[in-house]
>>> print(open('upload.cif').read())   # mmCIF, C-alpha atoms
data_structure
loop_
_atom_site.label_atom_id
_atom_site.label_comp_id
_atom_site.auth_asym_id
_atom_site.auth_seq_id
_atom_site.Cartn_x
_atom_site.Cartn_y
_atom_site.Cartn_z
CA MET A 95 12.06 -15.53 14.86
CA ASN A 96 13.47 -12.12 13.99
CA PHE A 97 11.71 -9.71 11.67
CA GLN A 98 13.72 -10.77 8.63
CA ASP A 99 12.68 -14.39 9.17
CA ILE A 100 9.07 -13.29 9.57
CA ALA A 101 9.36 -11.26 6.36
CA LYS A 102 10.31 -14.40 4.45
CA VAL A 103 7.04 -16.00 5.53
CA ALA A 104 5.14 -12.85 4.52
CA GLU A 105 6.85 -12.87 1.12
CA HIS A 106 5.76 -16.44 0.55
CA ALA A 107 2.21 -15.56 1.61
CA ALA A 108 2.13 -12.57 -0.74
CA ARG A 109 3.26 -14.68 -3.68
CA GLU A 110 0.61 -17.24 -2.81
CA GLY A 111 -2.05 -14.53 -2.71
CA GLY A 112 -0.86 -13.28 -6.08
CA ARG A 113 -1.01 -16.78 -7.53
CA VAL A 114 -4.63 -17.08 -6.39
CA LEU A 115 -5.49 -13.75 -7.99
CA GLU A 116 -4.05 -14.82 -11.31
CA GLU A 117 -5.92 -18.13 -11.17
CA TRP A 118 -9.16 -16.26 -10.63
CA SER A 119 -8.47 -13.53 -13.15
CA LYS A 120 -10.29 -15.18 -16.02
CA LYS A 121 -13.17 -16.70 -14.11
CA PHE A 122 -14.15 -14.42 -11.24
CA THR A 123 -17.66 -13.10 -10.83
CA VAL A 124 -18.26 -9.50 -9.88
CA SER A 125 -20.78 -7.97 -7.52
CA GLU A 126 -21.14 -4.33 -6.61
CA LYS A 127 -20.72 -3.67 -2.90
CA ARG A 128 -21.43 0.01 -3.46
CA ARG A 129 -21.23 2.28 -6.44
CA ALA A 130 -17.87 2.07 -8.23
CA ASP A 131 -16.45 -0.12 -5.44
CA LEU A 132 -16.25 -3.62 -6.84
CA VAL A 133 -15.41 -6.68 -4.84
CA THR A 134 -14.67 -10.08 -6.36
CA GLU A 135 -14.50 -13.62 -5.19
CA ALA A 136 -10.79 -13.35 -5.85
CA ASP A 137 -10.45 -11.01 -2.85
CA PHE A 138 -11.79 -13.63 -0.49
CA SER A 139 -9.85 -16.49 -2.01
CA SER A 140 -6.58 -14.57 -1.87
CA GLN A 141 -7.19 -13.43 1.71
CA THR A 142 -8.06 -16.97 2.79
CA ALA A 143 -4.84 -18.33 1.30
CA ILE A 144 -2.74 -15.60 2.96
CA HIS A 145 -4.47 -15.84 6.32
CA THR A 146 -4.25 -19.64 6.41
CA LEU A 147 -0.52 -19.62 5.71
CA LEU A 148 0.28 -16.89 8.24
CA ARG A 149 -1.98 -18.33 10.93
CA GLU A 150 -0.26 -21.72 10.62
CA LYS A 151 3.11 -20.07 11.25
CA PHE A 152 1.93 -17.51 13.81
CA PRO A 153 -1.18 -18.93 15.53
CA THR A 154 -1.17 -16.40 18.40
CA HIS A 155 -0.95 -13.26 16.25
CA GLY A 156 -3.83 -10.91 15.52
CA PHE A 157 -5.14 -10.20 12.03
CA LEU A 158 -6.88 -7.35 10.22
CA GLY A 159 -7.90 -7.79 6.61
CA GLU A 160 -9.94 -5.90 4.05
CA GLU A 161 -12.48 -8.63 3.49
CA GLY A 162 -13.96 -8.82 6.98
CA LEU A 163 -10.93 -10.35 8.68
CA SER A 164 -10.55 -9.21 12.30
CA ALA A 165 -9.02 -11.30 15.06
CA GLU A 166 -7.15 -9.90 18.05
CA GLY A 167 -5.04 -12.98 18.81
CA GLU A 168 -3.61 -14.21 22.06
CA ASP A 169 -0.40 -12.25 21.62
CA THR A 170 -1.66 -8.68 21.33
CA ASP A 171 1.82 -7.36 20.52
CA TYR A 172 1.49 -8.63 16.94
CA ARG A 173 -1.07 -7.64 14.30
CA TRP A 174 -0.98 -8.59 10.63
CA ILE A 175 -2.64 -6.10 8.24
CA ILE A 176 -3.62 -7.69 4.93
CA ASP A 177 -4.97 -6.42 1.64
CA PRO A 178 -5.43 -9.49 -0.57
CA LEU A 179 -6.18 -7.38 -3.65
CA ASP A 180 -5.24 -3.72 -3.68
CA GLY A 181 -6.56 -2.21 -6.90
CA THR A 182 -9.81 -4.15 -7.27
CA GLY A 183 -11.22 -1.88 -9.98
CA ASN A 184 -8.04 -2.29 -12.02
CA TYR A 185 -8.19 -6.07 -11.56
CA VAL A 186 -11.80 -6.27 -12.70
CA HIS A 187 -10.95 -4.36 -15.89
CA ARG A 188 -7.69 -6.28 -16.39
CA PHE A 189 -5.66 -3.12 -16.06
CA PRO A 190 -2.32 -4.50 -14.80
CA TYR A 191 -1.83 -2.32 -11.74
CA TYR A 192 -2.88 -4.23 -8.64
CA GLY A 193 -1.20 -6.30 -5.98
CA VAL A 194 -1.11 -8.00 -2.61
CA SER A 195 -0.13 -6.07 0.52
CA ILE A 196 0.92 -7.63 3.85
CA ALA A 197 2.26 -5.78 6.88
CA LEU A 198 3.07 -6.73 10.47
CA GLU A 199 2.83 -4.45 13.46
CA TYR A 200 4.74 -5.18 16.66
CA GLN A 201 3.52 -3.17 19.64
CA SER A 202 1.69 -0.85 17.21
CA GLU A 203 4.82 -0.19 15.15
CA LEU A 204 5.21 -1.33 11.54
CA VAL A 205 8.08 -3.83 11.40
CA VAL A 206 7.46 -5.91 8.25
CA GLY A 207 6.02 -4.80 4.93
CA VAL A 208 5.60 -6.81 1.73
CA VAL A 209 3.86 -5.86 -1.52
CA TYR A 210 3.68 -8.24 -4.47
CA ASP A 211 2.83 -7.21 -8.04
CA PRO A 212 1.85 -10.43 -9.86
CA ASN A 213 1.78 -8.76 -13.28
CA ARG A 214 5.47 -7.86 -13.16
CA ASP A 215 6.50 -10.54 -10.68
CA GLU A 216 7.91 -7.78 -8.47
CA LEU A 217 8.21 -8.44 -4.75
CA PHE A 218 8.86 -5.40 -2.56
CA SER A 219 9.93 -6.19 1.00
CA ALA A 220 11.09 -4.24 4.05
CA THR A 221 11.83 -4.78 7.72
CA LYS A 222 12.27 -2.10 10.33
CA GLY A 223 15.92 -1.07 10.26
CA GLY A 224 16.68 -3.49 7.45
CA GLY A 225 16.07 -1.41 4.33
CA THR A 226 13.81 -2.11 1.36
CA THR A 227 14.37 -4.58 -1.45
CA LEU A 228 12.81 -5.33 -4.82
CA ASN A 229 13.24 -8.98 -5.79
CA GLY A 230 16.11 -9.16 -3.34
CA GLN A 231 17.96 -6.05 -4.52
CA THR A 232 18.21 -2.97 -2.31
CA ILE A 233 16.22 0.03 -3.56
CA SER A 234 15.96 3.67 -2.52
CA VAL A 235 13.81 6.71 -3.16
CA SER A 236 14.47 9.26 -5.91
CA GLU A 237 16.60 12.37 -5.61
CA ASN A 238 14.21 14.83 -7.25
CA ASP A 239 13.88 17.81 -4.95
CA THR A 240 11.42 20.05 -6.82
CA LEU A 241 7.79 19.45 -7.68
CA ASP A 242 8.11 20.72 -11.24
CA GLN A 243 10.51 17.86 -11.96
CA SER A 244 8.48 15.23 -10.13
CA MET A 245 5.94 12.55 -10.96
CA VAL A 246 3.42 12.19 -8.15
CA MET A 247 0.31 10.13 -7.48
CA ALA A 248 -2.97 11.00 -5.79
CA SER A 249 -5.69 8.78 -4.39
CA LEU A 250 -9.21 10.19 -4.57
CA PRO A 251 -12.39 8.88 -2.92
CA VAL A 252 -14.22 6.19 -4.88
CA THR A 253 -17.00 8.57 -5.97
CA PRO A 254 -15.60 12.07 -5.39
CA ASP A 255 -17.98 14.99 -5.53
CA PRO A 256 -16.44 17.98 -7.36
CA SER A 257 -16.65 19.93 -4.10
CA ASN A 258 -14.67 17.31 -2.19
CA PRO A 259 -11.44 18.79 -0.73
CA ALA A 260 -9.52 15.86 -2.21
CA VAL A 261 -10.43 17.09 -5.70
CA ALA A 262 -9.25 20.59 -4.86
CA ARG A 263 -5.92 19.23 -3.62
CA PHE A 264 -5.47 17.26 -6.83
CA LEU A 265 -6.14 20.37 -8.91
CA ASN A 266 -3.79 22.47 -6.77
CA VAL A 267 -0.89 20.13 -7.47
CA LEU A 268 -1.78 19.37 -11.11
CA PRO A 269 -0.29 22.51 -12.76
CA ARG A 270 2.78 22.50 -10.50
CA ALA A 271 4.09 18.97 -10.93
CA GLN A 272 5.71 17.49 -14.01
CA SER A 273 3.08 14.74 -13.87
CA VAL A 274 0.14 13.93 -11.58
CA GLN A 275 -1.63 10.60 -11.91
CA ARG A 276 -4.33 8.55 -10.21
CA THR A 277 -3.82 4.79 -10.56
CA GLY A 278 -6.12 2.94 -8.16
CA SER A 279 -3.55 1.04 -6.08
CA ALA A 280 -2.09 2.76 -3.03
CA ALA A 281 0.11 -0.23 -2.24
CA LEU A 282 1.83 -0.11 -5.63
CA ASN A 283 2.05 3.68 -5.54
CA LEU A 284 3.93 3.49 -2.25
CA SER A 285 6.09 0.64 -3.55
CA ASN A 286 7.08 2.73 -6.55
CA VAL A 287 7.88 5.73 -4.36
CA ALA A 288 10.22 3.40 -2.45
CA ALA A 289 11.77 2.27 -5.74
CA GLY A 290 12.40 5.85 -6.93
CA ARG A 291 10.02 5.51 -9.87
CA LEU A 292 7.59 7.98 -8.30
CA ASP A 293 8.50 10.98 -6.20
CA GLY A 294 5.39 11.29 -4.03
CA PHE A 295 1.91 10.03 -3.22
CA TRP A 296 -0.91 11.38 -1.06
CA SER A 297 -4.41 10.42 0.01
CA THR A 298 -7.05 11.17 2.64
CA SER A 299 -9.30 8.20 1.89
CA LEU A 300 -7.24 5.08 2.64
CA LYS A 301 -7.77 2.15 5.00
CA PRO A 302 -4.99 0.58 7.10
CA TRP A 303 -4.60 -2.37 4.73
CA ASP A 304 -4.16 -0.04 1.73
CA MET A 305 -1.04 1.60 3.10
CA ALA A 306 0.51 -0.27 6.05
CA ALA A 307 3.05 -2.31 4.08
CA GLY A 308 3.82 0.48 1.64
CA VAL A 309 4.54 2.98 4.39
CA LEU A 310 7.32 0.79 5.76
CA LEU A 311 8.70 0.28 2.24
CA VAL A 312 8.99 4.05 1.78
CA ARG A 313 10.50 4.69 5.18
CA GLU A 314 13.11 1.97 4.86
CA ALA A 315 14.00 3.16 1.34
CA GLY A 316 14.89 6.58 2.77
CA GLY A 317 11.61 8.41 2.21
CA LYS A 318 9.33 10.34 4.50
CA VAL A 319 5.75 9.57 5.52
CA SER A 320 3.40 11.87 7.42
CA LYS A 321 -0.17 13.08 7.35
CA ILE A 322 -0.78 15.71 4.70
CA ASP A 323 -0.46 18.48 7.30
CA ASN A 324 3.00 17.08 8.14
CA SER A 325 1.87 15.72 11.52
CA GLU A 326 2.73 12.17 12.58
CA PHE A 327 1.39 9.38 10.39
CA ALA A 328 -1.04 6.90 11.98
CA VAL A 329 -1.96 3.66 10.20
CA ASP A 330 -5.56 3.80 11.45
CA ALA A 331 -6.13 7.33 10.09
CA PRO A 332 -7.01 7.80 6.37
CA ASP A 333 -4.42 10.51 5.84
CA LEU A 334 -1.07 10.06 4.11
CA LEU A 335 1.70 11.96 2.36
CA ALA A 336 4.69 9.87 1.26
CA THR A 337 7.67 11.32 -0.62
CA ASN A 338 11.37 10.84 -1.22
CA GLY A 339 11.98 12.75 1.99
CA LEU A 340 13.77 15.74 0.48
CA GLN A 341 12.38 19.27 0.32
CA LEU A 342 9.75 17.90 -2.04
CA HIS A 343 7.73 16.76 0.98
CA GLN A 344 7.37 20.30 2.25
CA GLU A 345 6.70 21.69 -1.22
CA ILE A 346 3.83 19.28 -1.91
CA GLN A 347 2.41 19.71 1.57
CA GLN A 348 1.82 23.42 1.09
CA TYR A 349 -0.58 22.68 -1.80
CA LEU A 350 -2.54 20.06 0.15
CA LYS A 351 -3.79 22.38 2.90
#
>>> encode(input="upload.cif", output="structure tokens")
Amino acid sequence: MNFQDIAKVAEHAAREGGRVLEEWSKKFTVSEKRRADLVTEADFSSQTAIHTLLREKFPTHGFLGEEGLSAEGEDTDYRWIIDPLDGTGNYVHRFPYYGVSIALEYQSELVVGVVYDPNRDELFSATKGGGTTLNGQTISVSENDTLDQSMVMASLPVTPDPSNPAVARFLNVLPRAQSVQRTGSAALNLSNVAAGRLDGFWSTSLKPWDMAAGVLLVREAGGKVSKIDNSEFAVDAPDLLATNGLQLHQEIQQYLK
């Protein structure tokens, strides 16, 4: 199978994960894993549905998932990276900004990325070299090239201390951008950068499953992804700056030092 064929399977899995989330949305129970970091039974149910579907199609592939899923697989060239519910806090409070994120690495390179927003029934999908689509239509990043005309997103630690450098970065950008927001879903932030709805997004507190799919969406939509110091992005490092790839990337970066 080529990457586009694999992406179709991932799209189906993402929709299935989203369906499970919506089924659970009115009946889940909540426990507190740590302060302000809620996990629900919906996470596990969604991940199980996604993992089962993908494993049936690709039994030799490896898997990494937010809810304790880690399996190397016989074919070490392939690794699926799954977030069955990105935006758990939003989901718990019924704030409609959460989704399912599924990515595939081939030889440590992101080659398939899918993010599904069940609230809007929006399916973002990308393959390496194949561009990015939203519900089957090609999308691209925005053309804003100055921060004062841009809407950007930031991701802060779950319980940020006022002295945390992430807070200082947020405050540095706040008076310089047209709008700075914090939403609670990295996957959807990256998807909306890819769609040109947002101009940039940064974080230093993400996990691989939060950003793997979204990074490929941005890249294939014409954007740029790096660490916040403009060095090479690494999916296993919690450090990300994603923009439309114009001079905006360099302008934001100077305020994140």
>>> atom_distance(input="upload.cif", atom1="atom CA of Phe264 of chain A", atom2="atom CA of Leu335 of chain A")
12.8 Å
>>> resolve_selection(input="upload.cif", expression="the PyMOL selection byres ((chain A and resi 199) around 9)", output="VMD selection string")
chain A and resid 171 to 175 197 to 198 200 to 206 306
>>> write_last_selection(input="upload.cif", atoms="C-alpha atoms", output="JSON list (two decimals), in the frame of the given file")
[["chain", "number", "residue", "atom", "x", "y", "z"],
["A", 171, "ASP", "CA", 1.82, -7.36, 20.52],
["A", 172, "TYR", "CA", 1.49, -8.63, 16.94],
["A", 173, "ARG", "CA", -1.07, -7.64, 14.30],
["A", 174, "TRP", "CA", -0.98, -8.59, 10.63],
["A", 175, "ILE", "CA", -2.64, -6.10, 8.24],
["A", 197, "ALA", "CA", 2.26, -5.78, 6.88],
["A", 198, "LEU", "CA", 3.07, -6.73, 10.47],
["A", 200, "TYR", "CA", 4.74, -5.18, 16.66],
["A", 201, "GLN", "CA", 3.52, -3.17, 19.64],
["A", 202, "SER", "CA", 1.69, -0.85, 17.21],
["A", 203, "GLU", "CA", 4.82, -0.19, 15.15],
["A", 204, "LEU", "CA", 5.21, -1.33, 11.54],
["A", 205, "VAL", "CA", 8.08, -3.83, 11.40],
["A", 206, "VAL", "CA", 7.46, -5.91, 8.25],
["A", 306, "ALA", "CA", 0.51, -0.27, 6.05]]
>>> atom_distance(input="upload.cif", atom1="atom CA of Gln98 of chain A", atom2="atom CA of Thr221 of chain A")
6.3 Å
>>> closest_atom_pairs(input="upload.cif", of="segment 139-158 of chain A", to="segment 109-118 of chain A", cutoff="7 Å", atoms="all atoms listed in the file", output="CSV")
residue,atom,partner,partner_atom,distance
A:Ser139,CA,A:Val114,CA,6.8
A:Ser140,CA,A:Gly111,CA,4.6
A:Gln141,CA,A:Gly111,CA,6.9
A:Ala143,CA,A:Gly111,CA,6.2
A:Ile144,CA,A:Gly111,CA,5.8
>>> residues_around(input="upload.cif", residues="segment 295-300 of chain A", least_positions_apart="6", cutoff="7 Å", atoms="all atoms listed in the file", output="compact mmCIF listing (two decimals) with C-alpha atoms, in the frame of the given file")
# COMPACT_ATOMS: atom_id res chain seq x y z
CA VAL A 246 3.42 12.19 -8.15
CA MET A 247 0.31 10.13 -7.48
CA ALA A 248 -2.97 11.00 -5.79
CA SER A 249 -5.69 8.78 -4.39
CA LEU A 250 -9.21 10.19 -4.57
CA PRO A 251 -12.39 8.88 -2.92
CA ASN A 283 2.05 3.68 -5.54
CA LEU A 284 3.93 3.49 -2.25
CA PRO A 332 -7.01 7.80 6.37
CA ASP A 333 -4.42 10.51 5.84
CA LEU A 334 -1.07 10.06 4.11
CA LEU A 335 1.70 11.96 2.36
CA ALA A 336 4.69 9.87 1.26
CA THR A 337 7.67 11.32 -0.62
>>> atom_distance(input="upload.cif", atom1="atom CA of Leu282 of chain A", atom2="atom CA of Asp239 of chain A")
21.6 Å
>>> resolve_selection(input="upload.cif", expression="the PyMOL selection byres ((chain A and resi 341) around 12)", output="PyMOL selection string")
chain A and resi 236-241+244+293-294+317-318+337-340+342-348
>>> closest_residue(input="upload.cif", among="A:Asp330, A:Thr154, A:Leu311, A:Met245", to="Arg276 of chain A", atoms="all atoms listed in the file")
A:Met245
>>> closest_residue(input="upload.cif", among="A:Ala220, A:Val194, A:Leu350, A:Val235", to="Ala108 of chain A", atoms="only C-alpha atoms")
A:Val194
>>> closest_residue(input="upload.cif", among="A:His145, A:Lys222, A:Lys151, A:Arg214", to="Ala307 of chain A", atoms="all atoms listed in the file")
A:Lys222
>>> closest_residue(input="upload.cif", among="A:Gly207, A:Pro302, A:Gly308, A:Gly183", to="Leu158 of chain A", atoms="all atoms listed in the file")
A:Pro302
>>> decode(input="upload.cif", residues="segment 134-220 of chain A", atoms="C-alpha atoms", output="CSV table (one decimal), in the first residue's frame")
chain,number,residue,atom,x,y,z
A,134,THR,CA,-11.8,10.1,30.9
A,135,GLU,CA,-12.9,6.6,30.0
A,136,ALA,CA,-13.6,8.0,26.6
A,137,ASP,CA,-9.9,8.3,26.0
A,138,PHE,CA,-9.4,4.6,26.4
A,139,SER,CA,-12.4,3.6,24.5
A,140,SER,CA,-11.5,5.8,21.5
A,141,GLN,CA,-7.9,4.6,21.6
A,142,THR,CA,-9.0,1.0,21.7
A,143,ALA,CA,-11.2,1.4,18.7
A,144,ILE,CA,-8.5,3.2,16.7
A,145,HIS,CA,-5.8,0.7,17.7
A,146,THR,CA,-7.9,-2.3,16.9
A,147,LEU,CA,-8.8,-1.0,13.4
A,148,LEU,CA,-5.2,-0.1,12.5
A,149,ARG,CA,-3.7,-3.3,14.0
A,150,GLU,CA,-6.1,-5.4,11.9
A,151,LYS,CA,-4.9,-3.7,8.8
A,152,PHE,CA,-1.2,-3.3,9.8
A,153,PRO,CA,-0.4,-6.1,12.2
A,154,THR,CA,3.4,-5.7,12.0
A,155,HIS,CA,3.5,-1.9,12.7
A,156,GLY,CA,4.5,-0.3,15.9
A,157,PHE,CA,2.2,1.9,18.0
A,158,LEU,CA,2.6,4.8,20.4
A,159,GLY,CA,-0.5,6.2,22.1
A,160,GLU,CA,-1.3,8.7,24.8
A,161,GLU,CA,-3.2,6.2,27.0
A,162,GLY,CA,-0.4,3.8,27.7
A,163,LEU,CA,-0.1,2.3,24.3
A,164,SER,CA,3.4,1.3,23.3
A,165,ALA,CA,4.3,-1.5,21.0
A,166,GLU,CA,7.4,-1.7,18.8
A,167,GLY,CA,6.0,-4.1,16.2
A,168,GLU,CA,7.8,-6.5,14.0
A,169,ASP,CA,8.4,-4.0,11.2
A,170,THR,CA,10.3,-1.3,13.0
A,171,ASP,CA,10.2,1.0,10.0
A,172,TYR,CA,6.6,1.9,10.8
A,173,ARG,CA,5.2,3.6,14.0
A,174,TRP,CA,1.7,4.9,14.5
A,175,ILE,CA,1.3,7.9,16.9
A,176,ILE,CA,-2.2,8.2,18.3
A,177,ASP,CA,-4.0,10.7,20.4
A,178,PRO,CA,-7.5,9.4,20.9
A,179,LEU,CA,-8.7,12.6,22.5
A,180,ASP,CA,-6.7,15.8,22.1
A,181,GLY,CA,-8.3,18.5,24.2
A,182,THR,CA,-9.5,16.4,27.2
A,183,GLY,CA,-10.2,19.4,29.4
A,184,ASN,CA,-12.4,20.9,26.7
A,185,TYR,CA,-14.2,17.6,26.2
A,186,VAL,CA,-14.9,17.3,29.9
A,187,HIS,CA,-16.5,20.8,30.0
A,188,ARG,CA,-18.2,20.3,26.6
A,189,PHE,CA,-16.3,23.1,25.0
A,190,PRO,CA,-16.3,22.0,21.3
A,191,TYR,CA,-12.6,22.2,20.6
A,192,TYR,CA,-11.2,18.7,20.7
A,193,GLY,CA,-10.4,15.9,18.3
A,194,VAL,CA,-8.6,12.7,17.3
A,195,SER,CA,-5.1,12.8,16.0
A,196,ILE,CA,-3.4,9.9,14.1
A,197,ALA,CA,0.0,10.0,12.5
A,198,LEU,CA,2.3,7.4,10.8
A,199,GLU,CA,6.1,7.5,10.8
A,200,TYR,CA,8.1,5.6,8.2
A,201,GLN,CA,11.8,5.3,9.1
A,202,SER,CA,11.3,8.0,11.7
A,203,GLU,CA,9.8,10.4,9.1
A,204,LEU,CA,6.2,11.6,9.3
A,205,VAL,CA,4.4,10.4,6.2
A,206,VAL,CA,0.7,10.3,7.1
A,207,GLY,CA,-1.3,12.7,9.3
A,208,VAL,CA,-5.0,12.8,10.1
A,209,VAL,CA,-6.9,15.0,12.5
A,210,TYR,CA,-10.7,14.7,13.0
A,211,ASP,CA,-12.9,17.3,14.6
A,212,PRO,CA,-16.2,15.5,15.5
A,213,ASN,CA,-17.9,18.7,16.5
A,214,ARG,CA,-17.6,20.2,13.0
A,215,ASP,CA,-17.3,16.9,11.1
A,216,GLU,CA,-14.0,18.2,9.7
A,217,LEU,CA,-11.4,15.7,8.6
A,218,PHE,CA,-7.9,17.0,8.0
A,219,SER,CA,-5.6,14.7,6.1
A,220,ALA,CA,-2.0,14.8,4.7
